Amino acid sequence: MRSDASGTNRDELLTGLSFGLIFGLALHKAGVTDYDIILRTLLLRDMLVLKVMMTAVIVGAIGIYALRAMGLVRLHIREAAVGSNVIGGLIFGLGFALLGYCPGTAVGAVAAGHLDAFVGGIIGMLVGSLLFAQVYPHLKWLFRIGYIGDKTLWQILSVNPWAVVLPVCGVLVVLMWYLETIGR
């Protein structure tokens, strides 16, 4: 049964909400919604947040491509450009450095009762989104610099997806091992 004109299935929305709640709980349990831990990460004194993010990338990449290989999911690749990634990264990094939370950890911190994450994070994201929506039409050309399209790296290289996914995951595992050995 379809629940709206766009064809979004209500079960899909509930599944997304359920996984979002589980992910938020996992973030909280891992400690990455704690401002002090995030601050230590930004100061390069504690790499817990980085290791949690790398673990999520590994699990997500292997999981989504395994599900894709089994025919259980279909990828919907968004168009990309170097300009949009650079600008998005700068906006994200600025917000992360100023507030001490990224969007995911801010929502998790709000759920844990942290008022700073609500005021600076949630309200800040909403205000920032509104400002961005006003500025975007005038700067749209910047976001198209280095246009790549909707191709993935494995499509650009004309290789099997696993030829990219497994080496990238391997590099992340080695990096996490290295961070553990140096005590960060």
# chains A, B, ... in the order shown; residues from 1 in each chain; ligands from 1
call {"tool": "select_by_dssp", "arguments": {"residues": "region 80-152 of chain A", "states": "alpha helix (DSSP H)", "output": "short mmCIF file (atom, residue, chain, number, x, y, z; two decimals) with C-alpha atoms, in the first residue's frame"}}
result
data_model
loop_
_atom_site.label_atom_id
_atom_site.label_comp_id
_atom_site.auth_asym_id
_atom_site.auth_seq_id
_atom_site.Cartn_x
_atom_site.Cartn_y
_atom_site.Cartn_z
CA VAL A 82 34.16 17.77 -7.04
CA GLY A 83 32.78 21.28 -6.34
CA SER A 84 29.77 20.02 -4.40
CA ASN A 85 31.93 17.62 -2.38
CA VAL A 86 34.51 20.28 -1.52
CA ILE A 87 31.88 22.87 -0.56
CA GLY A 88 29.83 20.30 1.36
CA GLY A 89 32.95 19.11 3.16
CA LEU A 90 33.90 22.66 4.13
CA ILE A 91 30.39 23.41 5.45
CA PHE A 92 30.29 20.09 7.33
CA GLY A 93 33.80 20.58 8.73
CA LEU A 94 33.11 24.14 9.84
CA GLY A 95 29.93 23.10 11.62
CA PHE A 96 31.65 20.09 13.18
CA ALA A 97 34.60 22.19 14.39
CA LEU A 98 32.41 24.99 15.78
CA LEU A 99 29.82 22.82 17.49
CA PRO A 103 24.61 15.73 12.30
CA GLY A 104 24.41 12.10 13.47
CA THR A 105 26.12 12.65 16.80
CA ALA A 106 24.11 15.86 17.36
CA VAL A 107 20.82 13.97 17.03
CA GLY A 108 22.17 11.21 19.31
CA ALA A 109 23.31 13.80 21.86
CA VAL A 110 19.87 15.47 21.79
CA ALA A 111 18.28 12.08 22.46
CA LEU A 115 20.80 20.92 25.28
CA ASP A 116 23.88 22.28 23.47
CA GLY A 124 21.72 25.28 13.69
CA MET A 125 21.19 22.61 11.02
CA LEU A 126 17.69 23.91 10.29
CA VAL A 127 18.84 27.55 10.06
CA GLY A 128 21.85 26.52 7.99
CA SER A 129 19.62 24.53 5.64
CA LEU A 130 17.33 27.52 5.17
CA LEU A 131 20.28 29.82 4.46
CA PHE A 132 21.77 27.30 2.05
CA ALA A 133 18.45 27.02 0.21
CA GLN A 134 18.46 30.80 -0.26
CA VAL A 135 22.06 30.99 -1.49
CA TYR A 136 22.15 27.82 -3.61
CA PRO A 137 20.36 29.15 -6.73
CA HIS A 138 22.96 31.93 -7.02
CA LEU A 139 25.96 29.63 -6.53
#
call {"tool": "residues_around", "arguments": {"residues": "Leu50 (chain A)", "least_positions_apart": "4", "cutoff": "12 Å", "atoms": "only C-alpha atoms", "output": "short mmCIF file (atom, residue, chain, number, x, y, z; two decimals) with C-alpha atoms, in the first residue's frame"}}
result
data_model
loop_
_atom_site.label_atom_id
_atom_site.label_comp_id
_atom_site.auth_asym_id
_atom_site.auth_seq_id
_atom_site.Cartn_x
_atom_site.Cartn_y
_atom_site.Cartn_z
CA LEU A 27 26.47 5.80 18.45
CA ALA A 30 30.01 3.72 21.54
CA GLY A 31 30.44 7.09 23.26
CA VAL A 32 30.56 9.21 20.12
CA ILE A 37 35.26 12.48 23.14
CA ILE A 38 34.42 14.36 19.94
CA LEU A 39 36.59 17.28 21.04
CA ARG A 40 39.51 14.92 21.77
CA THR A 41 39.04 13.48 18.27
CA LEU A 42 39.11 16.94 16.69
CA LEU A 44 43.76 14.33 17.38
CA ARG A 45 44.08 12.99 20.93
CA ASP A 46 41.46 10.22 20.76
CA MET A 54 35.50 3.60 9.71
CA THR A 55 33.75 0.57 11.19
CA ALA A 56 30.41 1.91 9.92
CA VAL A 57 31.89 2.41 6.44
CA LEU A 172 40.46 1.04 6.72
CA VAL A 173 41.09 -2.11 8.80
CA LEU A 175 44.37 2.15 9.56
CA MET A 176 42.22 1.17 12.56
CA LEU A 179 45.49 3.76 15.43
CA GLU A 180 45.10 1.05 18.08
CA ARG A 184 44.72 6.61 19.88
#
call {"tool": "atom_distance", "arguments": {"atom1": "CA of Met70 (chain A)", "atom2": "CA of Arg10 (chain A)"}}
result
23.8 Å
call {"tool": "select_by_dssp", "arguments": {"residues": "chain A", "states": "strand (DSSP E or B)", "output": "PyMOL selection string"}}
result
chain A and resi 2+9+80-81+147-149
call {"tool": "write_last_selection", "arguments": {"atoms": "C-alpha atoms", "output": "CSV table (one decimal), in the first residue's frame"}}
result
chain,number,residue,atom,x,y,z
A,2,ARG,CA,1.4,3.4,-1.0
A,9,ASN,CA,6.0,2.7,1.2
A,80,ALA,CA,28.4,14.0,-8.0
A,81,ALA,CA,30.9,16.8,-8.6
A,147,TYR,CA,31.1,17.1,-12.6
A,148,ILE,CA,31.4,13.3,-12.4
A,149,GLY,CA,27.8,12.2,-12.9
call {"tool": "atom_distance", "arguments": {"atom1": "CA of Gln155 (chain A)", "atom2": "CA of Arg78 (chain A)"}}
result
13.6 Å
call {"tool": "closest_residue", "arguments": {"among": "A:Tyr65, A:Phe23, A:Tyr101, A:Trp141", "to": "Gly120 (chain A)", "atoms": "only C-alpha atoms"}}
result
A:Tyr101
